[in-house]
Amino acid sequence: MKKISFLSVMILTIFTLILSACGTSKENTEEGKNGSGDESKKTIRVVTDAAYAPFEYMDKDKIVGFDADFIKAVAKEAGYQMELVHVGWDPIFVEIEGKLADVAISSITINDERKQSYDFSLPYFLSTNKILVPKGSDIKSAEDLKDKVVAVQNGTTGQEVVEALLGKNNKNIKKFENNNLAILELTSGGADAVVADNGVVEAYAANNPDQKLEVLTDSGTFSAEFYGLMFPKGSELKADFDKAIKKVFEDGTYTKIYKEWFGQEPDLETIQAEQEKQ
Ligand code: ARG
């Protein structure tokens, strides 16, 4: 009797030990899941129009640029694997609306019209439209564009601001599928100016000194714009990505990437003030 009860105590002890060991290992697994997050989340499809240097452009067969580095940092922070794919500007909107892609990053300005059809992340970049002209052009301000031929990328805020000046159906507005083609129209003499985001026209003028171009600022006419990541309406990714955006702003990652591409400090105060408004 004594023997049996000793044996049953032993069995019980071993059983308890095994059970508690199981418990521990289960806890560990869950901790691991929460920690990295990678295995539990799918690879997301991120679409872009990689013809907008220095934000997104092709370097041989690789998509590089400020946006490319930024989305990589943000996706990593949020715990997502991603593939970044060049689809072109108009297809971005088709893919996001049809939920064929999970996220778009392409220097996309957040505005009320787009907000009706898409969701946006917190703003991550401060931008404005500027005017690219040949050096010595008689165009000195936005007002001077009114009787000129202006090239823009179709479906951008550049098109919008030029339409506001010249009239919506003005034939002097030449619209192109991508911004490189708009610039080519200017440099080949088919247009007097290009209107596009400052980061793009400034980089183009600086990197192509032989083409003798200059950039005009008209902050009275062209207002500040903020870029956001674009999601299908109701996307569950927005919360994770907003959190990750805040983190990369706070931990210095954003500033590091910004300096790498623009060689100067970002205006964190203005962007973060805009983030607070959301
Ligand atoms: N920021 C402007 C807009 O949202 C132009 C963006 C164009 N981006 C591009 N990758 N082509 O309309």
# chains A, B, ... in the order shown; residues from 1 in each chain; ligands from 1

$ residues_near_ligand --ligand "ligand 1" --cutoff "10 Å" --atoms "only C-alpha atoms and all ligand atoms" --output "PyMOL selection string"
chain A and resi 48-57+67+86+88-90+92+104-111+114+125-129+152-160+177-180+195-200+225-228

$ write_last_selection --atoms "C-alpha atoms" --output "compact mmCIF listing (two decimals), in the first residue's frame"
# COMPACT_ATOMS: atom_id res chain seq x y z
CA THR A 48 4.45 52.04 -57.38
CA ASP A 49 5.18 54.07 -60.50
CA ALA A 50 8.95 53.84 -60.62
CA ALA A 51 9.51 56.80 -62.96
CA TYR A 52 9.72 59.52 -60.32
CA ALA A 53 13.31 59.92 -59.19
CA PRO A 54 14.51 60.36 -56.51
CA PHE A 55 11.37 58.87 -54.88
CA GLU A 56 10.93 55.72 -56.95
CA TYR A 57 12.83 54.79 -60.09
CA ASP A 67 10.02 55.87 -51.05
CA HIS A 86 6.41 48.80 -60.61
CA GLY A 88 2.74 52.54 -63.46
CA TRP A 89 0.72 55.49 -62.16
CA ASP A 90 -2.83 54.80 -63.37
CA ILE A 92 -1.78 51.91 -58.95
CA ALA A 104 0.73 51.89 -52.84
CA ILE A 105 3.70 54.17 -52.33
CA SER A 106 4.43 56.60 -55.14
CA SER A 107 4.79 60.15 -53.79
CA ILE A 108 1.00 60.11 -53.61
CA THR A 109 -0.47 63.35 -52.30
CA ILE A 110 -3.25 62.91 -49.76
CA ASN A 111 -6.27 64.95 -50.86
CA ARG A 114 -8.69 60.60 -53.31
CA PHE A 125 6.47 63.65 -46.67
CA LEU A 126 6.11 67.38 -47.26
CA SER A 127 6.03 68.48 -50.88
CA THR A 128 4.78 71.19 -53.24
CA ASN A 129 4.47 71.64 -56.98
CA VAL A 152 2.39 67.35 -66.71
CA GLN A 153 1.94 63.75 -65.65
CA ASN A 154 -1.66 62.75 -66.22
CA GLY A 155 -3.75 62.32 -63.07
CA THR A 156 -1.38 64.11 -60.72
CA THR A 157 -1.78 67.18 -58.57
CA GLY A 158 0.58 68.84 -61.06
CA GLN A 159 -2.14 68.48 -63.68
CA GLU A 160 -4.70 69.79 -61.21
CA GLU A 177 1.56 58.77 -68.69
CA ASN A 178 4.67 59.31 -66.62
CA ASN A 179 6.67 62.31 -65.49
CA ASN A 180 9.83 61.38 -67.39
CA VAL A 195 4.89 71.31 -63.29
CA ALA A 196 5.58 68.49 -60.84
CA ASP A 197 6.65 67.81 -57.26
CA ASN A 198 9.60 69.91 -56.08
CA GLY A 199 11.71 66.89 -55.09
CA VAL A 200 11.54 65.56 -58.65
CA GLU A 225 1.07 68.77 -50.02
CA PHE A 226 1.70 65.67 -47.94
CA TYR A 227 2.39 62.20 -49.26
CA GLY A 228 0.77 59.14 -47.73

$ closest_residue --among "A:Ala101, A:Leu216, A:Val149, A:Ile257" --to "Ala182 in chain A" --atoms "only C-alpha atoms"
A:Val149

$ atom_distance --atom1 "CA of Ser121 in chain A" --atom2 "CA of Leu229 in chain A"
5.1 Å

$ closest_residue --among "A:Ala273, A:Leu145, A:Met82, A:Val87" --to "Ile44 in chain A" --atoms "only C-alpha atoms"
A:Met82
